[in-house]
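Colleague: Right, I'll just put the structure down here and ask away after.
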Amino acid sequence: MKTVEDLKRLREQLHSQVRLRHDGGTQIIVGMGTCGIAAGAREVMTAVLDEIAKRKLSDVVVRQTGCIGMCEKEVLLDIARPGEPRITYGTVKPEHVPKIIAEHVVNGHIVEELVVGKLER
Amino acid sequence: MHELALHVLDLVQNSLEAQATSVWLEVSENTAADLLTIRVMDNGRGMDKQAAANATDPFSTSRTTRKVGLGLPLMDMTARQADGYLTIDSKPGKGTIVEAVYRLSHWDRPPLGNMADTVRTIIVANPELDFHYSHSVGQTVFSVSTQELKEILGEIPLTHPDVLVWLESYLKENTANLYGGVQE
């Protein structure tokens, strides 16, 4: 069984590796209002975290947010890469997550067929 | 929502929207008394008496994006259906305590569901939240807090891939252990 001691050992290993980036990474935001949760937001979030672990992405930040009024399009998942517009994906299912992470987060190509909004900045 | 763990996620999102910086989540399965109690306590902005009394009315909400708020009314309904109740104790400027009580053995009590995934989501997606989780089944207790994890990790973020893998196993194994052994 995993213990807190394992986490301490892990910390020592990671500490000796390359410096970790703290900011400037990509933000991944999942809508977690009642509407989002009922539509499967936790399962989408779990898929995001599993994909981060699998692809060893160390410069992403994961956030949750509330209802933004597009309840019929939940689960909503936003990707904001540094210096690029924030893209909102709608009716996201866990099985869409590997594609969004691979194409958008890693390679910078927006997955057009799932986009419901774009926020310029 | 088919799991009580999803209602828990919903309650914590309410706390976050009330600008809470600390949230305590307690799940207690008391087999002797046949009661399941879920309690979420926060230090958010709180509600006055009227707002707290209206919170389980679906047509009352503090949100500005829509005119209905279904989170608390749905949880209130599941508790009543399982011979239980939901109470809200809130003080403006102090915080809110939501408590949902269920008859543990009741036919209509929804399953607790995947608490490990709910807790991992809360911990990872809200790194600056001071979050405490305590889950007891009879005399066996599992508890974890972001504070203890962050003290160990130092500058290493909770979203580090290796930390995510550790956290998933840690939460899954320890919650399964409450029921007498590793499930699956």
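Just so we're on the same page: first chain in the structure tokens is A, next is B, and so on; residues restart at 1 for each chain, and ligands are numbered from 1 in the order they show up.
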Name all residues at most 9 Å from Leu76 (chain A) (count only C-alpha atoms; drop same-chain ones fewer than 4 positions away) and give them as a PyMOL selection string.
Modeller: chain A and resi 29-32+36+41+70-71+88-92+116
Colleague: Looking only at alpha helix (DSSP H) from DSSP on the backbone, list the matching residues of chain A as a PyMOL selection string.
Modeller: chain A and resi 4-16+34-39+41-55+97-100
Colleague: Create the file for the chosen residues now, containing C-alpha atoms and written as a CSV table (one decimal), in the first residue's frame.
Modeller:
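Okay, this is what ended up in result.csv:
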```csv
chain,number,residue,atom,x,y,z
A,4,VAL,CA,3.3,9.1,3.0
A,5,GLU,CA,6.9,7.7,3.2
A,6,ASP,CA,6.7,6.8,-0.5
A,7,LEU,CA,5.8,10.4,-1.2
A,8,LYS,CA,8.9,11.6,0.8
A,9,ARG,CA,11.1,9.3,-1.2
A,10,LEU,CA,9.5,10.5,-4.5
A,11,ARG,CA,10.2,14.1,-3.4
A,12,GLU,CA,13.9,13.3,-2.9
A,13,GLN,CA,14.1,11.7,-6.4
A,14,LEU,CA,12.3,14.6,-8.1
A,15,HIS,CA,14.4,17.2,-6.2
A,16,SER,CA,17.6,15.9,-7.7
A,34,THR,CA,-23.7,21.2,-10.6
A,35,CYS,CA,-24.4,21.1,-14.4
A,36,GLY,CA,-20.8,20.1,-15.1
A,37,ILE,CA,-20.6,17.5,-12.4
A,38,ALA,CA,-24.0,15.9,-13.5
A,39,ALA,CA,-22.7,15.8,-17.1
A,41,ALA,CA,-16.9,16.6,-15.1
A,42,ARG,CA,-15.2,14.4,-12.5
A,43,GLU,CA,-14.7,11.6,-15.0
A,44,VAL,CA,-13.3,14.2,-17.5
A,45,MET,CA,-11.0,15.6,-14.8
A,46,THR,CA,-9.8,12.1,-13.9
A,47,ALA,CA,-9.0,11.4,-17.6
A,48,VAL,CA,-7.0,14.7,-17.7
A,49,LEU,CA,-5.0,13.8,-14.7
A,50,ASP,CA,-4.4,10.3,-16.0
A,51,GLU,CA,-3.2,11.7,-19.3
A,52,ILE,CA,-0.8,14.2,-17.6
A,53,ALA,CA,0.6,11.3,-15.7
A,54,LYS,CA,0.9,9.0,-18.7
A,55,ARG,CA,2.6,11.7,-20.9
A,97,VAL,CA,-9.4,13.9,-23.5
A,98,PRO,CA,-6.3,12.0,-24.9
A,99,LYS,CA,-6.9,13.7,-28.3
A,100,ILE,CA,-7.3,17.2,-26.8
```
Colleague: Give the strand (DSSP E) residues of chain A, as DSSP finds them on the backbone, and put them as a PyMOL selection string.
Modeller: chain A and resi 26-31+60-65+77-80+86-89+115-119
Colleague: Write the selection just made, keeping C-alpha atoms, as a PDB file, in the first residue's frame?
Modeller:
```
ATOM      1  CA  THR A  26      -0.561  25.536 -20.064  1.00  0.00           C
ATOM      2  CA  GLN A  27      -3.751  25.859 -18.009  1.00  0.00           C
ATOM      3  CA  ILE A  28      -6.433  23.171 -18.216  1.00  0.00           C
ATOM      4  CA  ILE A  29      -9.749  24.227 -16.660  1.00  0.00           C
ATOM      5  CA  VAL A  30     -12.765  21.955 -16.094  1.00  0.00           C
ATOM      6  CA  GLY A  31     -16.292  23.283 -15.395  1.00  0.00           C
ATOM      7  CA  VAL A  60       0.562  22.152 -16.930  1.00  0.00           C
ATOM      8  CA  VAL A  61      -1.731  23.640 -14.299  1.00  0.00           C
ATOM      9  CA  VAL A  62      -5.158  22.096 -13.668  1.00  0.00           C
ATOM     10  CA  ARG A  63      -8.046  24.172 -12.322  1.00  0.00           C
ATOM     11  CA  GLN A  64     -11.735  23.811 -11.667  1.00  0.00           C
ATOM     12  CA  THR A  65     -14.336  26.513 -12.227  1.00  0.00           C
ATOM     13  CA  LEU A  77     -12.968  22.055 -20.787  1.00  0.00           C
ATOM     14  CA  ASP A  78     -10.759  25.090 -21.415  1.00  0.00           C
ATOM     15  CA  ILE A  79      -7.190  25.027 -22.642  1.00  0.00           C
ATOM     16  CA  ALA A  80      -5.057  28.161 -22.335  1.00  0.00           C
ATOM     17  CA  ARG A  86      -8.223  30.468 -24.364  1.00  0.00           C
ATOM     18  CA  ILE A  87     -10.177  27.745 -26.152  1.00  0.00           C
ATOM     19  CA  THR A  88     -13.385  26.264 -24.714  1.00  0.00           C
ATOM     20  CA  TYR A  89     -14.293  22.718 -25.685  1.00  0.00           C
ATOM     21  CA  VAL A 115     -14.633  23.921 -29.903  1.00  0.00           C
ATOM     22  CA  VAL A 116     -17.575  25.980 -28.583  1.00  0.00           C
ATOM     23  CA  GLY A 117     -15.760  29.216 -27.788  1.00  0.00           C
ATOM     24  CA  LYS A 118     -12.577  31.204 -28.111  1.00  0.00           C
ATOM     25  CA  LEU A 119     -11.440  33.983 -25.801  1.00  0.00           C
TER      26      LEU A 119
END
```
Colleague: May I ask which of the residues B:Glu26, B:Asp10, B:Glu99, B:Asp76 is the closest one to Thr118 (chain B), counting only C-alpha atoms?
Modeller: B:Asp10
Colleague: Restrict the distance test to only C-alpha atoms, flag each residue of chain B within 9 Å of chain A, and return the flagged residues as a PyMOL selection string.
Modeller: chain B and resi 1-2+6-7+9-10+13-14+16-17+63-66+69-71+117-118+120-122+124-127+149+152-157+159-167+169-171+173-174+182
Colleague: Just how far from CA of Gln19 (chain B) is CA of Gly44 (chain B), in Å to one decimal?
Modeller: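 Between CA of Gly44 (chain B) and CA of Gln19 (chain B) the gap works out to 5.1 Å.
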